[in-house]
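Report on the following structure.
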Amino acid sequence: MGPEADRNRRRRHFGSSAMTAIKTLLVLSTAGLMLACNSMGNAPVASDSTVSGNIAKQLAGDVPLPQGAAIRQQDTLVMGTGASWTGRLSLVLSGEPQTVFAYFRDSMPGAGWTLTSSSFSKLSLLTFTKADRMATVQMQGSNFGGNEVLITV
């Protein structure tokens with residue numbers, strides 16, 4: 001065997017080893033990602049809670065919330081309290097969409113908010129201002145009955 005044949009044999013061997021290492025790394029990475037995704041699905045999620053008088057005051061402060069509204073805690077992020085809170089409240093409410101829309105449209109001005117725009121449809125939206133703050137109330141009917149409400153301040 002000449003020097004050229006020996007060089008070619010080493011290249012094939014090195015190429016084969018490199019490909020094997022890459023394939024092994026790819027398989028291990030994929031397995032690790034699958035395990036990570038699986039363990040994320042088992043992470044405990046706080047259950048929904050019904051709004052009571054104290055919770056409504058603590059979470060929403062100056063935004064009125066109807067009795068019986070369930071807070072979807074996994075979709076809610078609130079920073080601060082009272083009239084200086086900011087964030088997103090995710091609620092589930094029973095009742096007709098028109099009733100839920102009317103509740104927020106009529107209750108927010110009583111808490112000092114000024115209605116700046118409103119749109120009632122499958123996906124309804126109310127926009128309010130109060131001093132240097134702005135609030136949006138987005139509502140839509142749920143496939144399982146009730147209404148999904150997202151309040152962002």
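Order determines the names: the first chain of the structure tokens is A, the second B, and so forth; residues in each chain are numbered 1 upward, and ligands are numbered 1 upward as they are shown.
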Got a sec: who's within 7 Å of Leu115 (chain A), counting only C-alpha atoms, leaving out chain neighbours fewer than 4 positions off, as a PyMOL selection string? chain A and resi 109+127-129
Need to verify the contact set: Arg88 (chain A), 7 Å, only C-alpha atoms, exclusion of same-chain residues closer than 2 positions in sequence. Can you return it as a ChimeraX atom specification? /A:76-78,90,150-153
Using all heavy atoms, can you write the selected residues to a file as an mmCIF file, in the first residue's frame?
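Heads up, here's the output in part-v6.cif:
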```
data_model
loop_
_atom_site.group_PDB
_atom_site.id
_atom_site.type_symbol
_atom_site.label_atom_id
_atom_site.label_comp_id
_atom_site.auth_asym_id
_atom_site.auth_seq_id
_atom_site.Cartn_x
_atom_site.Cartn_y
_atom_site.Cartn_z
ATOM 1 N N THR A 76 -51.915 34.892 35.016
ATOM 2 C CA THR A 76 -52.010 36.189 35.685
ATOM 3 C C THR A 76 -50.644 36.623 36.202
ATOM 4 O O THR A 76 -49.906 35.819 36.754
ATOM 5 C CB THR A 76 -53.015 36.108 36.860
ATOM 6 O OG1 THR A 76 -54.314 35.858 36.316
ATOM 7 C CG2 THR A 76 -53.049 37.388 37.663
ATOM 8 N N LEU A 77 -50.339 37.901 36.005
ATOM 9 C CA LEU A 77 -49.108 38.493 36.527
ATOM 10 C C LEU A 77 -49.457 39.881 37.050
ATOM 11 O O LEU A 77 -49.871 40.746 36.280
ATOM 12 C CB LEU A 77 -48.046 38.598 35.434
ATOM 13 C CG LEU A 77 -46.769 39.348 35.806
ATOM 14 C CD1 LEU A 77 -46.024 38.603 36.911
ATOM 15 C CD2 LEU A 77 -45.886 39.530 34.596
ATOM 16 N N VAL A 78 -49.346 40.081 38.355
ATOM 17 C CA VAL A 78 -49.683 41.355 38.980
ATOM 18 C C VAL A 78 -48.487 41.830 39.788
ATOM 19 O O VAL A 78 -47.946 41.088 40.599
ATOM 20 C CB VAL A 78 -50.916 41.210 39.901
ATOM 21 C CG1 VAL A 78 -51.192 42.515 40.633
ATOM 22 C CG2 VAL A 78 -52.129 40.789 39.096
ATOM 23 N N SER A 90 -56.086 37.477 34.420
ATOM 24 C CA SER A 90 -56.824 36.570 33.544
ATOM 25 C C SER A 90 -57.966 35.974 34.358
ATOM 26 O O SER A 90 -57.741 35.368 35.405
ATOM 27 C CB SER A 90 -55.895 35.475 33.019
ATOM 28 O OG SER A 90 -56.611 34.582 32.192
ATOM 29 N N LEU A 150 -59.392 39.243 29.969
ATOM 30 C CA LEU A 150 -57.997 39.594 30.208
ATOM 31 C C LEU A 150 -57.938 41.090 30.457
ATOM 32 O O LEU A 150 -58.294 41.892 29.586
ATOM 33 C CB LEU A 150 -57.152 39.219 28.988
ATOM 34 C CG LEU A 150 -55.650 39.294 29.136
ATOM 35 C CD1 LEU A 150 -55.164 38.337 30.215
ATOM 36 C CD2 LEU A 150 -54.979 38.964 27.820
ATOM 37 N N ILE A 151 -57.536 41.476 31.661
ATOM 38 C CA ILE A 151 -57.422 42.886 32.032
ATOM 39 C C ILE A 151 -55.943 43.226 32.121
ATOM 40 O O ILE A 151 -55.203 42.605 32.884
ATOM 41 C CB ILE A 151 -58.113 43.169 33.378
ATOM 42 C CG1 ILE A 151 -59.580 42.779 33.316
ATOM 43 C CG2 ILE A 151 -57.952 44.647 33.761
ATOM 44 C CD1 ILE A 151 -60.290 42.829 34.648
ATOM 45 N N THR A 152 -55.510 44.203 31.353
ATOM 46 C CA THR A 152 -54.110 44.631 31.343
ATOM 47 C C THR A 152 -54.044 46.092 31.735
ATOM 48 O O THR A 152 -54.733 46.925 31.151
ATOM 49 C CB THR A 152 -53.485 44.427 29.951
ATOM 50 O OG1 THR A 152 -53.692 43.076 29.538
ATOM 51 C CG2 THR A 152 -52.000 44.725 29.970
ATOM 52 N N VAL A 153 -53.231 46.398 32.734
ATOM 53 C CA VAL A 153 -53.055 47.796 33.179
ATOM 54 C C VAL A 153 -51.587 48.132 33.067
ATOM 55 O O VAL A 153 -50.731 47.377 33.465
ATOM 56 C CB VAL A 153 -53.538 47.989 34.637
ATOM 57 C CG1 VAL A 153 -53.292 49.409 35.103
ATOM 58 C CG2 VAL A 153 -55.009 47.645 34.748
#
```
Let me make sure I understand: among A:Met108, A:Trp85, A:Val100, A:Leu91, which one has the smallest atom-to-atom distance to Arg72 (chain A) if we use only C-alpha atoms? A:Leu91
Please identify all polymer residues within 12 Å of region 102-106 of chain A, counting only C-alpha atoms, omitting same-chain residues fewer than 3 positions from it, and present them as a ChimeraX atom specification. /A:63-67,93,95-99,109-120,124-128,135-139,149-151
